$ cat data_23.cif   # mmCIF, C-alpha atoms
data_work
#
loop_
_atom_site.label_atom_id
_atom_site.label_comp_id
_atom_site.auth_asym_id
_atom_site.auth_seq_id
_atom_site.Cartn_x
_atom_site.Cartn_y
_atom_site.Cartn_z
CA MET A 1 200.97 83.55 12.08
CA VAL A 2 203.73 85.88 13.25
CA ALA A 3 205.99 87.09 10.45
CA ILE A 4 209.36 86.14 11.91
CA GLN A 5 212.46 85.28 9.94
CA THR A 6 213.19 81.54 9.80
CA SER A 7 216.35 79.84 8.66
CA ASP A 8 214.78 77.27 6.31
CA SER A 9 211.52 75.85 5.03
CA SER A 10 211.61 73.06 7.61
CA THR A 11 211.63 75.56 10.48
CA ALA A 12 208.83 77.54 8.85
CA ALA A 13 206.75 74.37 8.51
CA GLN A 14 207.36 73.50 12.16
CA ASP A 15 206.27 76.96 13.24
CA ALA A 16 203.14 76.74 11.07
CA ALA A 17 202.28 73.38 12.62
CA PHE A 18 202.87 74.77 16.11
CA SER A 19 200.61 77.75 15.38
CA ALA A 20 197.85 75.42 14.20
CA GLU A 21 198.27 73.27 17.32
CA VAL A 22 197.91 76.31 19.59
CA ARG A 23 194.80 77.56 17.77
CA GLU A 24 193.18 74.13 17.80
CA TRP A 25 193.79 73.65 21.52
CA LEU A 26 192.45 77.09 22.41
CA ASP A 27 189.36 76.57 20.22
CA GLU A 28 188.63 73.27 21.95
CA ASN A 29 189.30 74.40 25.50
CA LEU A 30 187.89 77.93 25.64
CA ASN A 31 184.46 76.36 25.97
CA GLY A 32 182.16 75.19 28.71
CA GLU A 33 183.20 76.55 32.10
CA PHE A 34 186.00 78.59 30.53
CA ARG A 35 184.02 80.27 27.74
CA GLU A 36 182.74 83.00 30.05
CA LEU A 37 186.29 83.95 30.96
CA CYS A 38 187.19 85.26 27.50
CA GLY A 39 188.39 88.84 27.65
CA LEU A 40 188.47 89.00 31.45
CA GLY A 41 191.35 90.18 33.61
CA GLY A 42 194.45 92.20 32.81
CA PRO A 43 195.70 95.60 34.05
CA GLY A 44 192.94 97.47 35.85
CA ARG A 45 190.73 94.36 35.75
CA GLU A 46 192.63 91.82 37.83
CA HIS A 47 189.63 91.56 40.16
CA GLU A 48 187.56 89.87 37.45
CA ALA A 49 186.93 86.14 38.03
CA HIS A 50 190.25 85.62 39.81
CA ASP A 51 189.53 82.10 41.07
CA GLU A 52 188.14 80.99 37.74
CA ARG A 53 191.12 82.40 35.85
CA LEU A 54 193.43 80.63 38.29
CA ALA A 55 191.65 77.36 37.44
CA TRP A 56 192.18 78.16 33.75
CA ASP A 57 195.90 78.73 34.35
CA ARG A 58 196.15 75.34 36.01
CA HIS A 59 194.25 73.80 33.11
CA LEU A 60 196.85 75.31 30.75
CA ALA A 61 199.63 73.89 32.92
CA ALA A 62 198.15 70.41 32.95
CA ALA A 63 198.10 70.48 29.14
CA GLY A 64 201.71 71.68 28.91
CA TRP A 65 201.04 75.27 27.81
CA THR A 66 202.94 77.08 30.55
CA CYS A 67 206.65 77.96 30.61
CA LEU A 68 207.07 77.03 26.94
CA GLY A 69 210.65 78.22 26.58
CA TRP A 70 211.96 76.44 29.67
CA PRO A 71 214.23 73.40 29.43
CA LYS A 72 212.36 70.10 29.36
CA GLU A 73 213.99 69.05 32.62
CA TYR A 74 211.96 71.79 34.35
CA GLY A 75 208.70 71.00 32.58
CA GLY A 76 209.07 73.32 29.59
CA ARG A 77 208.96 72.55 25.88
CA GLU A 78 212.23 74.25 24.94
CA ALA A 79 210.14 76.26 22.46
CA THR A 80 212.04 78.62 20.20
CA VAL A 81 211.60 82.38 20.51
CA ALA A 82 209.46 82.28 17.36
CA GLN A 83 207.20 79.62 18.87
CA GLN A 84 206.85 81.56 22.12
CA VAL A 85 205.83 84.62 20.13
CA ILE A 86 203.35 82.50 18.18
CA PHE A 87 201.77 81.22 21.39
CA HIS A 88 201.37 84.67 22.94
CA GLU A 89 199.89 86.09 19.76
CA GLU A 90 197.47 83.21 19.23
CA TYR A 91 196.48 83.40 22.90
CA ALA A 92 195.68 87.09 22.53
CA LYS A 93 193.83 86.58 19.23
CA ALA A 94 191.63 83.98 20.95
CA ASN A 95 190.74 86.65 23.56
CA ALA A 96 191.75 84.15 26.24
CA PRO A 97 191.63 85.42 29.84
CA ALA A 98 194.57 87.31 31.32
CA ARG A 99 196.90 85.04 33.23
CA VAL A 100 196.89 85.12 37.04
CA SER A 101 200.32 83.47 37.20
CA HIS A 102 202.23 85.79 34.86
CA VAL A 103 204.56 87.22 37.54
CA GLY A 104 205.88 83.78 38.41
CA GLU A 105 206.06 82.45 34.86
CA GLU A 106 207.36 85.52 33.04
CA LEU A 107 209.54 87.14 35.73
CA LEU A 108 210.58 84.88 38.60
CA GLY A 109 210.94 81.65 36.60
CA PRO A 110 213.31 83.00 33.93
CA THR A 111 215.29 84.80 36.64
CA LEU A 112 215.88 81.57 38.54
CA LEU A 113 216.81 79.75 35.35
CA ALA A 114 219.41 82.41 34.63
CA PHE A 115 220.74 83.17 38.11
CA GLY A 116 219.34 80.70 40.67
CA THR A 117 221.06 77.80 42.39
CA GLN A 118 220.10 74.24 41.55
CA ALA A 119 218.34 73.94 44.90
CA GLN A 120 216.30 77.08 44.17
CA LYS A 121 215.33 75.80 40.74
CA ASP A 122 214.30 72.43 42.16
CA ARG A 123 212.27 74.07 44.94
CA PHE A 124 210.44 76.83 43.07
CA LEU A 125 210.20 76.09 39.36
CA PRO A 126 207.69 73.23 39.71
CA GLY A 127 205.30 75.51 41.62
CA VAL A 128 205.57 78.15 38.90
CA ARG A 129 205.18 75.58 36.14
CA ASN A 130 202.04 73.95 37.57
CA VAL A 131 200.66 77.22 39.03
CA SER A 132 200.50 75.89 42.58
CA GLU A 133 202.37 78.93 43.95
CA LEU A 134 201.72 82.56 42.96
CA TRP A 135 204.32 85.33 43.09
CA CYS A 136 204.46 89.11 43.44
CA GLN A 137 207.28 91.60 42.88
CA GLY A 138 208.70 93.64 45.80
CA TYR A 139 210.54 96.47 44.06
CA SER A 140 208.99 99.95 44.44
CA GLU A 141 208.88 101.83 47.75
CA PRO A 142 207.23 105.11 48.84
CA GLY A 143 210.62 106.84 48.56
CA ALA A 144 211.89 104.75 45.65
CA GLY A 145 209.24 104.34 43.02
CA SER A 146 210.94 104.35 39.63
CA ASP A 147 214.34 104.88 41.24
CA LEU A 148 214.93 101.29 42.28
CA ALA A 149 218.49 101.99 43.43
CA ALA A 150 217.12 104.17 46.25
CA VAL A 151 215.36 101.33 48.10
CA SER A 152 215.64 101.40 51.88
CA THR A 153 213.96 98.12 52.85
CA SER A 154 216.69 96.35 54.78
CA ALA A 155 217.60 92.76 55.56
CA HIS A 156 220.26 91.17 57.72
CA LEU A 157 221.17 87.62 58.58
CA ASP A 158 219.85 86.50 61.95
CA GLY A 159 221.15 82.99 62.44
CA ASP A 160 219.98 80.91 59.50
CA GLU A 161 217.34 83.41 58.34
CA TRP A 162 217.12 86.84 56.79
CA SER A 163 215.25 89.39 58.91
CA ILE A 164 213.51 91.91 56.65
CA ASN A 165 212.12 95.33 57.59
CA GLY A 166 210.64 98.07 55.44
CA GLN A 167 207.80 98.81 53.05
CA LYS A 168 207.01 98.13 49.40
CA ILE A 169 204.26 99.82 47.41
CA TRP A 170 202.32 99.30 44.17
CA THR A 171 202.83 95.56 44.62
CA SER A 172 200.52 93.95 42.08
CA LEU A 173 198.51 90.96 43.34
CA ALA A 174 200.33 90.80 46.68
CA HIS A 175 196.99 89.99 48.32
CA VAL A 176 196.80 86.64 46.49
CA ALA A 177 200.52 85.81 46.28
CA ASP A 178 202.25 83.00 48.13
CA TRP A 179 205.76 84.40 47.62
CA CYS A 180 207.44 87.72 46.85
CA PHE A 181 210.86 88.41 45.33
CA VAL A 182 212.14 91.39 47.28
CA ILE A 183 214.97 93.84 46.60
CA ALA A 184 216.44 94.73 50.00
CA ARG A 185 219.56 96.50 51.23
CA THR A 186 221.69 93.87 52.94
CA GLU A 187 224.92 95.85 53.38
CA LYS A 188 224.57 98.49 56.10
CA GLY A 189 225.71 101.93 54.93
CA SER A 190 225.62 101.02 51.24
CA VAL A 191 224.11 103.42 48.73
CA ARG A 192 222.49 103.28 45.31
CA HIS A 193 223.17 100.09 43.32
CA LYS A 194 225.63 98.58 45.76
CA GLY A 195 224.68 96.42 48.73
CA LEU A 196 221.32 95.21 47.41
CA SER A 197 220.16 91.58 47.45
CA TYR A 198 217.37 89.68 45.71
CA LEU A 199 215.46 87.67 48.33
CA LEU A 200 212.66 85.11 48.00
CA VAL A 201 210.21 85.75 50.83
CA PRO A 202 207.11 83.72 51.85
CA MET A 203 204.04 85.97 52.14
CA ASN A 204 202.02 83.92 54.63
CA GLN A 205 203.78 84.85 57.87
CA PRO A 206 203.15 87.15 60.85
CA GLY A 207 205.85 89.64 59.80
CA ILE A 208 204.06 90.69 56.59
CA GLU A 209 200.99 92.90 56.28
CA VAL A 210 199.29 93.61 52.94
CA ARG A 211 197.07 96.68 52.56
CA PRO A 212 195.11 97.31 49.33
CA ILE A 213 195.38 100.61 47.44
CA ILE A 214 192.09 101.78 45.94
CA GLN A 215 192.70 103.11 42.42
CA LEU A 216 190.82 105.67 40.33
CA THR A 217 188.93 102.76 38.76
CA GLY A 218 187.63 101.68 42.18
CA THR A 219 189.59 98.42 42.09
CA SER A 220 192.61 97.47 44.17
CA GLU A 221 195.03 95.13 42.42
CA PHE A 222 197.95 97.18 43.82
CA ASN A 223 198.98 96.95 47.45
CA GLU A 224 201.26 98.25 50.14
CA VAL A 225 203.34 95.53 51.77
CA PHE A 226 204.88 96.05 55.22
CA PHE A 227 207.76 93.91 56.48
CA ASP A 228 208.19 93.83 60.26
CA ASN A 229 210.97 91.37 61.05
CA ALA A 230 209.70 89.15 58.23
CA ARG A 231 211.74 86.00 57.72
CA ALA A 232 213.28 84.17 54.79
CA ALA A 233 215.72 81.27 54.88
CA ALA A 234 219.38 82.24 54.49
CA ASP A 235 219.71 80.34 51.21
CA LEU A 236 216.78 82.18 49.59
CA VAL A 237 218.97 84.87 48.05
CA VAL A 238 219.29 84.74 44.25
CA GLY A 239 222.89 85.26 43.22
CA GLU A 240 225.33 86.38 45.87
CA PRO A 241 224.38 88.90 48.60
CA GLY A 242 225.06 92.34 47.18
CA GLU A 243 224.30 91.28 43.56
CA GLY A 244 220.66 92.29 43.77
CA TRP A 245 220.88 95.12 41.25
CA ARG A 246 222.22 92.85 38.50
CA ILE A 247 219.57 90.22 39.19
CA ALA A 248 216.79 92.84 39.34
CA MET A 249 217.83 94.24 35.93
CA GLY A 250 217.71 90.72 34.53
CA THR A 251 214.14 90.34 35.77
CA LEU A 252 213.12 93.62 34.14
CA ALA A 253 214.55 92.45 30.83
CA PHE A 254 212.49 89.26 31.05
CA GLU A 255 209.39 91.33 31.90
CA ARG A 256 209.64 93.05 28.53
CA GLY A 257 210.23 89.89 26.49
CA VAL A 258 208.15 87.74 24.15
CA SER A 259 204.87 88.30 26.00
CA THR A 260 204.87 91.91 24.77
CA LEU A 261 203.83 90.60 21.34
CA GLY A 262 200.64 89.23 22.89
CA GLN A 263 200.16 92.57 24.63
CA GLN A 264 200.30 94.28 21.24
CA ILE A 265 197.58 91.99 19.89
CA ARG A 266 195.36 93.11 22.77
CA PHE A 267 196.25 96.72 22.01
CA ALA A 268 195.28 96.17 18.37
CA ARG A 269 191.90 94.80 19.45
CA GLU A 270 191.32 97.83 21.66
CA LEU A 271 192.21 100.17 18.77
CA ALA A 272 189.87 98.30 16.40
CA ASP A 273 187.04 98.57 18.94
CA ILE A 274 187.65 102.31 19.34
CA GLU A 275 187.64 102.76 15.56
CA ALA A 276 184.34 100.87 15.35
CA LEU A 277 182.93 103.07 18.15
CA ALA A 278 184.02 106.17 16.22
CA ARG A 279 182.16 104.97 13.14
CA ARG A 280 179.00 104.25 15.14
CA THR A 281 179.00 107.63 16.88
CA GLY A 282 180.05 109.62 13.82
CA ALA A 283 183.28 110.72 15.50
CA ALA A 284 185.23 109.15 12.62
CA GLU A 285 183.98 111.97 10.40
CA ASP A 286 186.05 114.40 12.45
CA PRO A 287 189.38 114.70 10.56
CA LEU A 288 191.27 115.20 13.82
CA ILE A 289 189.86 112.00 15.29
CA ALA A 290 190.55 110.13 12.04
CA ASP A 291 194.13 111.36 12.09
CA ARG A 292 194.61 110.21 15.69
CA ILE A 293 193.29 106.76 14.81
CA ASP A 294 195.72 106.53 11.88
CA ARG A 295 198.62 107.65 14.07
CA ALA A 296 197.69 105.05 16.69
CA TRP A 297 197.81 102.34 14.02
CA VAL A 298 201.25 103.52 12.89
CA GLY A 299 202.47 103.59 16.50
CA LEU A 300 201.36 99.99 16.98
CA ARG A 301 203.35 98.91 13.93
CA VAL A 302 206.40 100.76 15.24
CA MET A 303 206.15 98.88 18.55
CA ARG A 304 205.96 95.57 16.73
CA ALA A 305 208.91 96.37 14.49
CA HIS A 306 211.02 97.34 17.50
CA ALA A 307 210.05 94.19 19.40
CA MET A 308 210.82 91.89 16.48
CA ARG A 309 214.17 93.59 15.84
CA THR A 310 215.39 93.28 19.40
CA MET A 311 213.73 90.03 20.52
CA ALA A 312 216.43 87.57 19.56
CA THR A 313 219.46 89.81 20.12
CA ALA A 314 218.82 91.60 23.42
CA ALA A 315 221.04 90.48 26.30
CA VAL A 316 219.54 89.28 29.56
CA ASP A 317 220.57 92.49 31.32
CA ASP A 318 219.95 94.83 28.37
CA SER A 319 217.97 97.38 30.39
CA GLY A 320 218.47 100.01 27.67
CA GLN A 321 216.41 98.16 25.07
CA ALA A 322 213.88 97.18 27.73
CA SER A 323 213.49 100.89 28.54
CA VAL A 324 212.86 101.72 24.87
CA SER A 325 210.13 99.08 24.78
CA LYS A 326 208.51 100.38 27.98
CA LEU A 327 208.62 103.98 26.75
CA LEU A 328 207.00 103.03 23.44
CA TRP A 329 204.06 100.98 24.72
CA ALA A 330 203.30 103.03 27.83
CA ASN A 331 202.94 106.32 25.98
CA TRP A 332 201.06 104.70 23.11
CA HIS A 333 198.55 103.06 25.45
CA ARG A 334 198.03 106.21 27.51
CA GLY A 335 197.33 108.02 24.25
CA LEU A 336 194.83 105.31 23.32
CA GLY A 337 192.92 106.00 26.53
CA GLU A 338 192.82 109.68 25.63
CA LEU A 339 191.64 108.80 22.12
CA ALA A 340 188.82 106.69 23.55
CA MET A 341 187.59 109.63 25.60
CA ALA A 342 187.80 111.93 22.58
CA VAL A 343 185.65 109.48 20.60
CA LEU A 344 183.10 109.28 23.43
CA GLY A 345 182.91 113.07 23.64
CA PRO A 346 180.90 114.67 26.47
CA LYS A 347 179.22 111.32 27.25
CA GLY A 348 182.57 110.03 28.40
CA LEU A 349 182.36 112.32 31.44
CA ILE A 350 179.24 110.61 32.78
CA ALA A 351 179.06 107.28 34.60
CA ASP A 352 175.98 105.08 34.35
CA ASP A 353 173.08 105.15 36.79
CA ASN A 354 174.99 102.92 39.22
CA ASP A 355 178.11 105.10 38.99
CA ASP A 356 179.87 102.25 37.19
CA LEU A 357 182.56 102.98 34.60
CA ASN A 358 182.34 101.67 31.06
CA GLU A 359 185.35 99.95 29.50
CA TRP A 360 186.64 103.13 27.86
CA GLN A 361 186.39 105.24 30.99
CA ARG A 362 188.19 102.50 32.92
CA MET A 363 190.90 102.36 30.25
CA TYR A 364 191.41 106.11 30.32
CA LEU A 365 191.76 106.22 34.10
CA PHE A 366 194.01 103.19 34.41
CA THR A 367 196.31 104.18 31.55
CA ARG A 368 197.19 107.33 33.51
CA ALA A 369 199.49 104.96 35.40
CA ASP A 370 201.06 103.26 32.36
CA THR A 371 203.82 105.85 32.12
CA ILE A 372 204.57 105.59 35.86
CA TYR A 373 204.52 101.97 37.01
CA GLY A 374 207.35 99.69 35.93
CA GLY A 375 209.62 102.73 35.66
CA SER A 376 208.41 106.24 34.87
CA ASN A 377 209.00 107.97 31.54
CA GLU A 378 211.64 110.19 33.11
CA VAL A 379 213.66 107.28 34.48
CA GLN A 380 213.36 105.33 31.21
CA ARG A 381 214.68 108.30 29.24
CA ASN A 382 217.62 108.65 31.62
CA ILE A 383 218.48 104.97 31.16
CA ILE A 384 218.27 105.26 27.37
CA SER A 385 220.36 108.43 27.26
CA GLU A 386 223.10 107.06 29.52
CA ARG A 387 223.24 103.36 28.61
CA VAL A 388 222.18 103.36 24.95
CA LEU A 389 223.25 106.76 23.62
CA GLY A 390 226.25 107.21 25.91
CA LEU A 391 225.30 110.74 26.96
CA PRO A 392 226.73 112.25 30.19
CA ARG A 393 225.05 111.04 33.37
CA GLU A 394 222.43 113.23 34.94
CA ALA A 395 223.81 115.30 37.82
CA ARG A 396 222.79 113.72 41.12
#

$ encode --input "data_23.cif" --output "structure tokens"
Amino acid sequence: MVAIQTSDSSTAAQDAAFSAEVREWLDENLNGEFRELCGLGGPGREHEAHDERLAWDRHLAAAGWTCLGWPKEYGGREATVAQQVIFHEEYAKANAPARVSHVGEELLGPTLLAFGTQAQKDRFLPGVRNVSELWCQGYSEPGAGSDLAAVSTSAHLDGDEWSINGQKIWTSLAHVADWCFVIARTEKGSVRHKGLSYLLVPMNQPGIEVRPIIQLTGTSEFNEVFFDNARAAADLVVGEPGEGWRIAMGTLAFERGVSTLGQQIRFARELADIEALARRTGAAEDPLIADRIDRAWVGLRVMRAHAMRTMATAAVDDSGQASVSKLLWANWHRGLGELAMAVLGPKGLIADDNDDLNEWQRMYLFTRADTIYGGSNEVQRNIISERVLGLPREAR
């Protein structure tokens, strides 16, 4: 069970009981049709058994295991932060399949709870909770990748609808999403953080075209999304028009919340597998490899310590701490991909007879992007220097 501070023995007992309940349910339900899904999905592998993993997500929802921290009035359990951490860690320990609905549950849902109108909550939260509607995130653009404030996708009110024009890129799972939350410039002539709005846009309409991007791994979970007079109802703006930057920063803070503890469990499993591979191949006898494995273990503990320290105290819009978290895990995981290739040695340069990649080759190639997507290292360091350390702003 997660080692998190509790206020009294009663709380500790409740958390222990909750942990046992999660484990028991996963043991009973990761069987039959769902057993074969264990370990499937996740970054670089979203193409694996998509429909079957979607069925699993809906099975979770039917049993009340989605949106745990939400208020009960919206279908949640009002689980404490400790209990949410417990669930994510137990889920990862069970090697349960990666969630198809994570964008809606972990990003859009909490954003609406914090900033949405009552009508927006009533309309969209049930679909997120029961996994009947899938979401994608319309942030990055060809000219505004990590620099979100430079977006040029525009929107203006045309009667009782927003008319949206522009392009988004690196949009994960846009090809299977029903809705997209889009950052668009709604004030003509505005620059940088001002004049942006956070719009909820239906994907299934003539004004939207989704084009897949083939990655180094040969898969295409990322997409380009083109908006050509796409439409969204006038009331589908979260917050007030022009408040999009504040809402977007809130979403990013939620993105780096309790689920990161489950991510670290998966990282720990990957590290353990690489260590076992090093022992089998004899690479562990190399003192340089052994040192890199030890350093990876230490880095994982540092990530956990940082997450546990900031989990309960970080503000909704605390983008500085979120940037520290992103910088830590992205560089650690990219380094793990490099370590895997070092353990494989020259064999790591060769695909199999069908030109298919093994899991370590796929990890190495996909983790090249870890320090870019979701905000590049350079942008994260600027945010930390300016908003956490109070250093002078970079000249622009």

$ residues_near_point --input "data_23.cif" --point "(203.3, 99.1, 45.4)" --cutoff "8 Å" --atoms "all atoms listed in the file" --output "JSON, numbers by chain"
{"A": [138, 139, 140, 141, 142, 168, 169, 170, 171, 172, 222, 223, 224, 225]}

$ resolve_selection --input "data_23.cif" --expression "the PyMOL selection byres ((chain A and resi 94-110) around 7)" --output "list in words"
Leu37, Cys38, Gly39, Leu40, Gly41, Gly42, Arg53, Leu54, Asp57, Cys67, Glu90, Tyr91, Ala92, Lys93, Thr111, Leu112, Leu113, Ala114, Leu125, Val128, Val131, Leu134, Trp135, Cys136, Thr251, Phe254 and Glu255 of chain A

$ resolve_selection --input "data_23.cif" --expression "the PyMOL selection byres ((chain A and resi 261) around 8)" --output "MDAnalysis selection string"
chainID A and resid 85 88:89 258:260 262:265 304 307

$ residues_near_point --input "data_23.cif" --point "(220.2, 104.1, 46.1)" --cutoff "12 Å" --atoms "only C-alpha atoms" --output "PyMOL selection string"
chain A and resi 141+143-153+183-185+187+189-196+245+396

$ atom_distance --input "data_23.cif" --atom1 "atom CA of A:Ala278" --atom2 "atom CA of A:Leu328"
24.3 Å

$ atom_distance --input "data_23.cif" --atom1 "atom CA of A:Thr11" --atom2 "atom CA of A:Thr66"
21.9 Å

$ residues_around --input "data_23.cif" --residues "stretch 43-50 of chain A" --least-positions-apart "6" --cutoff "8 Å" --atoms "all atoms listed in the file" --output "list in words"
Leu37, Val100, Thr217, Thr219, Ser220, Glu221, Arg362, Met363 and Phe366 of chain A

$ atom_distance --input "data_23.cif" --atom1 "atom CA of A:Glu285" --atom2 "atom CA of A:Asp273"
16.2 Å

$ closest_residue --input "data_23.cif" --among "A:Arg381, A:Lys72, A:His156, A:Arg58" --to "A:Val237" --atoms "all atoms listed in the file"
A:His156

$ resolve_selection --input "data_23.cif" --expression "the PyMOL selection byres ((chain A and resi 233) around 12)" --output "PyMOL selection string"
chain A and resi 120+155-164+199-202+230-232+234-238

$ closest_residue --input "data_23.cif" --among "A:Gln14, A:Ser325, A:Thr281, A:Ser19" --to "A:Gly375" --atoms "all atoms listed in the file"
A:Ser325

$ decode --input "data_23.cif" --residues "stretch 381-389 of chain A" --atoms "all heavy atoms" --output "mmCIF file, in the first residue's frame"
data_model
loop_
_atom_site.group_PDB
_atom_site.id
_atom_site.type_symbol
_atom_site.label_atom_id
_atom_site.label_comp_id
_atom_site.auth_asym_id
_atom_site.auth_seq_id
_atom_site.Cartn_x
_atom_site.Cartn_y
_atom_site.Cartn_z
ATOM 1 N N ARG A 381 11.653 24.449 -18.179
ATOM 2 C CA ARG A 381 12.692 25.134 -17.389
ATOM 3 C C ARG A 381 12.421 26.638 -17.310
ATOM 4 O O ARG A 381 12.699 27.269 -16.279
ATOM 5 C CB ARG A 381 14.065 24.851 -17.997
ATOM 6 C CG ARG A 381 14.511 23.398 -17.824
ATOM 7 C CD ARG A 381 15.953 23.174 -18.248
ATOM 8 N NE ARG A 381 16.378 21.819 -17.972
ATOM 9 C CZ ARG A 381 16.590 20.885 -18.902
ATOM 10 N NH1 ARG A 381 16.424 21.187 -20.178
ATOM 11 N NH2 ARG A 381 16.971 19.670 -18.562
ATOM 12 N N ASN A 382 11.907 27.219 -18.384
ATOM 13 C CA ASN A 382 11.551 28.639 -18.327
ATOM 14 C C ASN A 382 10.447 28.891 -17.300
ATOM 15 O O ASN A 382 10.491 29.850 -16.532
ATOM 16 C CB ASN A 382 11.090 29.128 -19.703
ATOM 17 C CG ASN A 382 12.241 29.452 -20.625
ATOM 18 O OD1 ASN A 382 13.396 29.542 -20.190
ATOM 19 N ND2 ASN A 382 11.958 29.614 -21.898
ATOM 20 N N ILE A 383 9.433 28.009 -17.293
ATOM 21 C CA ILE A 383 8.331 28.167 -16.336
ATOM 22 C C ILE A 383 8.848 28.060 -14.909
ATOM 23 O O ILE A 383 8.499 28.868 -14.032
ATOM 24 C CB ILE A 383 7.245 27.113 -16.603
ATOM 25 C CG1 ILE A 383 6.566 27.382 -17.956
ATOM 26 C CG2 ILE A 383 6.212 27.100 -15.477
ATOM 27 C CD1 ILE A 383 5.592 26.299 -18.374
ATOM 28 N N ILE A 384 9.705 27.073 -14.660
ATOM 29 C CA ILE A 384 10.246 26.879 -13.315
ATOM 30 C C ILE A 384 11.084 28.089 -12.901
ATOM 31 O O ILE A 384 10.972 28.600 -11.772
ATOM 32 C CB ILE A 384 11.087 25.593 -13.257
ATOM 33 C CG1 ILE A 384 10.188 24.362 -13.456
ATOM 34 C CG2 ILE A 384 11.838 25.492 -11.930
ATOM 35 C CD1 ILE A 384 10.951 23.082 -13.724
ATOM 36 N N SER A 385 11.931 28.566 -13.800
ATOM 37 C CA SER A 385 12.811 29.679 -13.449
ATOM 38 C C SER A 385 12.017 30.945 -13.144
ATOM 39 O O SER A 385 12.336 31.683 -12.197
ATOM 40 C CB SER A 385 13.808 29.940 -14.579
ATOM 41 O OG SER A 385 13.151 30.416 -15.746
ATOM 42 N N GLU A 386 10.958 31.202 -13.934
ATOM 43 C CA GLU A 386 10.221 32.442 -13.783
ATOM 44 C C GLU A 386 9.166 32.369 -12.675
ATOM 45 O O GLU A 386 9.004 33.308 -11.888
ATOM 46 C CB GLU A 386 9.557 32.818 -15.111
ATOM 47 C CG GLU A 386 10.574 33.127 -16.216
ATOM 48 C CD GLU A 386 9.918 33.272 -17.581
ATOM 49 O OE1 GLU A 386 8.671 33.238 -17.654
ATOM 50 O OE2 GLU A 386 10.647 33.406 -18.585
ATOM 51 N N ARG A 387 8.434 31.236 -12.587
ATOM 52 C CA ARG A 387 7.285 31.174 -11.693
ATOM 53 C C ARG A 387 7.589 30.535 -10.349
ATOM 54 O O ARG A 387 6.862 30.745 -9.386
ATOM 55 C CB ARG A 387 6.137 30.431 -12.375
ATOM 56 C CG ARG A 387 5.712 31.087 -13.678
ATOM 57 C CD ARG A 387 4.524 30.394 -14.299
ATOM 58 N NE ARG A 387 4.226 30.938 -15.619
ATOM 59 C CZ ARG A 387 3.276 30.499 -16.413
ATOM 60 N NH1 ARG A 387 2.501 29.491 -16.015
ATOM 61 N NH2 ARG A 387 3.074 31.039 -17.602
ATOM 62 N N VAL A 388 8.643 29.723 -10.284
ATOM 63 C CA VAL A 388 9.008 29.082 -9.022
ATOM 64 C C VAL A 388 10.195 29.797 -8.372
ATOM 65 O O VAL A 388 10.166 30.139 -7.199
ATOM 66 C CB VAL A 388 9.332 27.585 -9.239
ATOM 67 C CG1 VAL A 388 9.757 26.938 -7.915
ATOM 68 C CG2 VAL A 388 8.137 26.853 -9.827
ATOM 69 N N LEU A 389 11.234 30.039 -9.164
ATOM 70 C CA LEU A 389 12.448 30.643 -8.617
ATOM 71 C C LEU A 389 12.444 32.159 -8.664
ATOM 72 O O LEU A 389 13.280 32.803 -8.026
ATOM 73 C CB LEU A 389 13.670 30.099 -9.382
ATOM 74 C CG LEU A 389 13.839 28.577 -9.368
ATOM 75 C CD1 LEU A 389 15.054 28.163 -10.183
ATOM 76 C CD2 LEU A 389 13.951 28.062 -7.938
#
